[in-house]
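*Asks:* My structure is below; once you've seen it, I'll send some questions.
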Amino acid sequence: MKRTPHKFSGRTALICVLVILVACTAFFSNRNQQMREANVSDVALGTLVNVRLYSQIPQGALNSAANAALGRARELEDIFSVYSEDSEITYVNQNAAAGPVHVSDDFYAVLERSLYFAQLTDGAFDPTLGRLIQLWGIGTENARVPSESEISPFVGKKNYEHVILDEEEHTVYFENSDFSLDLGGIVKGYAADEIKKLLMEEYDIASGLINLGGNIMTIGSRPDGQPWTLGIADPKNPQDSSQTVASMAVTDKTFVTSGDYQRYFEDENGNRYHHILDGSTGYPADTHLSSVTIIGNTSMDADALSTACFVLGEEKGMELLESLDGFDGVFIGSDGHLSATEGVSGQLQMTETQSETQAEIQTETQEE
Amino acid sequence: MTKKAKICLIITVLLLAVGVGSIFALRFFSREGHIASVYQHGQCIRTIDLSQVREPFEFTVTSDLGGSNTIRVEPGRIAVIDATCPDKICVHTGYISTSLSPITCLPNELVIEISGGESTSLDAVVQ
């Protein structure tokens, strides 16, 4: 091809301009189909619920999906809030000892799973500690250390064995009136599962993050197709995202943490009492752990297991997780050491500042 | 004719270059700052560009429900340092500097969120 000036005929110029125009049109129309984001937050279930969705559907439809997610969370709060006089759980607590009470599908599903985990963990997860939780009042203005005589009626009772479900009638019956239900240790997990189901089935969402007060459920992968990278908070600096102890890349997984570092109160002597109560002692679980993070597919199960493992402690908690299919755990001790179940120890990326105290995990990570 | 077409082409290419260049420039310069937004009862009541803060300062937000939160702003970060709420979760939260973990005070219906700023490699932090 000769590059002499006279070869630039009017026709060549026209073709060039057309090609550029087509390229530009392609560029801009591609922009119209770009990933859109909806990012909404609201207070529900006693925590901040944040929903971040990514999709190519129109912005209006995406916003509707995000708002529907928040609506579902509020719906569940109306069922499970023990602080509300009008909630279903309050009604059940007031009436189920007198005779079987008919309950909603949501209530039945959560209670049934709660009782399963109570049996499985021998009460380390116990949905029948409502009265004990009320007595301690952690997270309320009435928080205090109760006396031995106040606590003793609730110690080692295993009242979850006295909750009778009737699947056909869809009813709940309490065999005695010495306890009340508090499903706070599992309902956020159920909410995450339900929100994810709603978004995927009704709104075709394939990429998103659901965050219920630090419990994370991922939908699919990131909008760029990469896995989500989730960090595990450092119990000593829980909010400082540059201080996470470890991170992991995941798709379609949930991360649920139980920790002693956010919901707690201190008595006049500076002793700290956190909110995870052990039904076998009546006191906050004292297992030398600062947090347990459960990684799995279903958030409801992960939520119950994180509480159970925190109460059981590292050794028994590890045993429990290894005996189950599809759940892994990351345990952070009050001394800062970290251990993880086999399924994830190779995938965890340790934050550098943590590595000195975690020689054991570090060697496994280096093999990657 | 040939010369005219050539000039036409050069002008077109130049115009397009300027156009495309300005789109990218706009995108680059309109990047969000490091903004902390304070929400009370669901309404945004104050925004602070944390990247513009030189001297730390404090202010108190009083809730319609009677409680109050004292907020401290430092270069690049923000915290609730005192509050009337019973659980003090907002105070326990400490300083935040990224969008990954907001501060929440449920009793006083206060939320502080950060947008923009340095991007981290994390999508979310599990707590």
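Following the order of the structure tokens, chains are lettered A, B, ..., residues in each are numbered from 1, and ligands are numbered from 1.
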Any idea which chain B residues end up within 10 Å of chain A if we count only C-alpha atoms, as number ranges by chain please?
*Replies:* B: 1-10, 12-13, 16, 20, 41-42, 84-107, 109-111, 120-127
*Asks:* Which residues are close to Pro75 (chain B), i.e. within 8 Å by only C-alpha atoms, leaving aside same-chain residues fewer than 2 positions away? Reply as a VMD selection string.
*Replies:* chain B and resid 50 to 56 73 77
*Asks:* Only N, CA, C and O atoms, please: the residues just picked out, written as a compact mmCIF listing (two decimals), in the first residue's frame.
*Replies:*
```txt
# COMPACT_ATOMS: atom_id res chain seq x y z
N LEU B 50 -13.38 13.26 54.62
CA LEU B 50 -12.32 12.91 55.58
C LEU B 50 -10.93 13.22 55.02
O LEU B 50 -9.98 13.40 55.78
N SER B 51 -10.81 13.31 53.69
CA SER B 51 -9.49 13.60 53.12
C SER B 51 -9.14 15.08 53.26
O SER B 51 -8.00 15.49 53.07
N GLN B 52 -10.16 15.91 53.60
CA GLN B 52 -9.91 17.35 53.75
C GLN B 52 -9.72 17.75 55.21
O GLN B 52 -9.47 18.91 55.51
N VAL B 53 -9.89 16.78 56.12
CA VAL B 53 -9.78 17.11 57.55
C VAL B 53 -8.31 17.27 57.93
O VAL B 53 -7.50 16.38 57.68
N ARG B 54 -7.96 18.42 58.49
CA ARG B 54 -6.58 18.65 58.94
C ARG B 54 -6.49 18.56 60.46
O ARG B 54 -5.62 17.91 61.00
N GLU B 55 -7.41 19.26 61.13
CA GLU B 55 -7.42 19.26 62.60
C GLU B 55 -8.59 18.40 63.08
O GLU B 55 -9.70 18.53 62.57
N PRO B 56 -8.37 17.52 64.06
CA PRO B 56 -9.48 16.73 64.60
C PRO B 56 -10.55 17.64 65.20
O PRO B 56 -10.23 18.71 65.74
N VAL B 73 -13.95 13.39 64.60
CA VAL B 73 -13.45 13.28 63.23
C VAL B 73 -11.96 13.58 63.24
O VAL B 73 -11.52 14.59 63.80
N ARG B 77 -10.38 9.42 59.30
CA ARG B 77 -11.18 8.46 60.06
C ARG B 77 -12.18 9.14 60.98
O ARG B 77 -12.07 10.33 61.27
```
*Asks:* Which parts of chain B does DSSP call strand (DSSP E) when run on the backbone here, written out as a PyMOL selection string?
*Replies:* chain B and resi 35-40+43-49+57-62+68-74+77-83+103-105+110-115+124-126
*Asks:* Name all residues at most 10 Å from Asp224 (chain A) (count only C-alpha atoms; drop same-chain ones fewer than 5 positions away) and give them as a list in words.
*Replies:*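 Listing them by chain and then by number gives Met35, Tyr54 and Ser207 of chain A.
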*Asks:* Which residues are near Ala308 (chain A)? Cut-off 12 Å, only C-alpha atoms, ignore same chain within fewer than 6 positions. Put them as a ChimeraX atom specification.
*Replies:* /A:114,117-127,185-186,257-259,276-279,285,287,291-294,301-302,314,316-321,329
*Asks:* Generate a file of the selected residues that holds C-alpha atoms, formatted as a JSON list (two decimals), in the first residue's frame.
*Replies:*
```json
[["chain", "number", "residue", "atom", "x", "y", "z"],
["A", 114, "SER", "CA", -32.69, -24.59, 66.19],
["A", 117, "PHE", "CA", -28.65, -27.91, 66.45],
["A", 118, "ALA", "CA", -29.44, -27.89, 70.18],
["A", 119, "GLN", "CA", -29.57, -31.70, 70.13],
["A", 120, "LEU", "CA", -26.53, -31.99, 67.87],
["A", 121, "THR", "CA", -24.39, -29.73, 70.09],
["A", 122, "ASP", "CA", -25.77, -31.02, 73.39],
["A", 123, "GLY", "CA", -27.09, -27.56, 74.21],
["A", 124, "ALA", "CA", -24.01, -25.51, 73.25],
["A", 125, "PHE", "CA", -26.47, -23.83, 70.90],
["A", 126, "ASP", "CA", -29.66, -23.45, 72.90],
["A", 127, "PRO", "CA", -32.73, -21.56, 71.60],
["A", 185, "GLY", "CA", -28.52, -16.77, 67.54],
["A", 186, "ILE", "CA", -29.89, -18.15, 64.30],
["A", 257, "THR", "CA", -18.84, -14.76, 63.11],
["A", 258, "SER", "CA", -19.64, -15.02, 66.81],
["A", 259, "GLY", "CA", -17.35, -12.83, 68.86],
["A", 276, "ILE", "CA", -22.85, -15.40, 74.22],
["A", 277, "LEU", "CA", -24.30, -17.26, 77.18],
["A", 278, "ASP", "CA", -23.52, -20.87, 78.03],
["A", 279, "GLY", "CA", -26.66, -22.68, 79.16],
["A", 285, "ALA", "CA", -19.05, -18.72, 77.60],
["A", 287, "THR", "CA", -13.51, -20.80, 76.32],
["A", 291, "SER", "CA", -14.23, -15.15, 67.80],
["A", 292, "VAL", "CA", -15.33, -18.09, 65.72],
["A", 293, "THR", "CA", -16.10, -17.65, 62.03],
["A", 294, "ILE", "CA", -18.04, -20.35, 60.23],
["A", 301, "ASP", "CA", -26.65, -23.41, 59.94],
["A", 302, "ALA", "CA", -23.47, -21.33, 60.05],
["A", 314, "GLU", "CA", -11.64, -24.64, 70.01],
["A", 316, "LYS", "CA", -14.63, -29.55, 70.65],
["A", 317, "GLY", "CA", -15.75, -26.96, 68.11],
["A", 318, "MET", "CA", -13.18, -28.23, 65.60],
["A", 319, "GLU", "CA", -14.34, -31.80, 66.21],
["A", 320, "LEU", "CA", -17.95, -30.80, 65.61],
["A", 321, "LEU", "CA", -17.13, -29.02, 62.34],
["A", 329, "GLY", "CA", -14.31, -22.74, 60.92]]
```
*Asks:* Record the distance separating CA of Glu150 (chain A) and CA of Tyr173 (chain A), expressed in Å with one decimal.
*Replies:*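 We find that CA of Glu150 (chain A) and CA of Tyr173 (chain A) lie 25.4 Å from each other.
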*Asks:* List the spatial neighbours of Ser177 (chain A) as a list in words - criterion: any atom at most 12 Å away, only C-alpha atoms, same-chain residues fewer than 3 positions off excluded.
*Replies:* Val92, Asn93, Gln94, Asn95, Ala96, Ala97, Ala98, Gly99, Thr128, Gly130, Arg131, Asn159, His162, Val163, Tyr173, Phe174, Ser180 and Leu181 of chain A
*Asks:* Please extract the residues of region 58-264 of chain A with a backbone DSSP assignment of helix (DSSP H, G or I) and present them as a ChimeraX atom specification.
*Replies:* /A:59-80,88-95,105-120,130-136,148-154,159-162,187-203,241-243
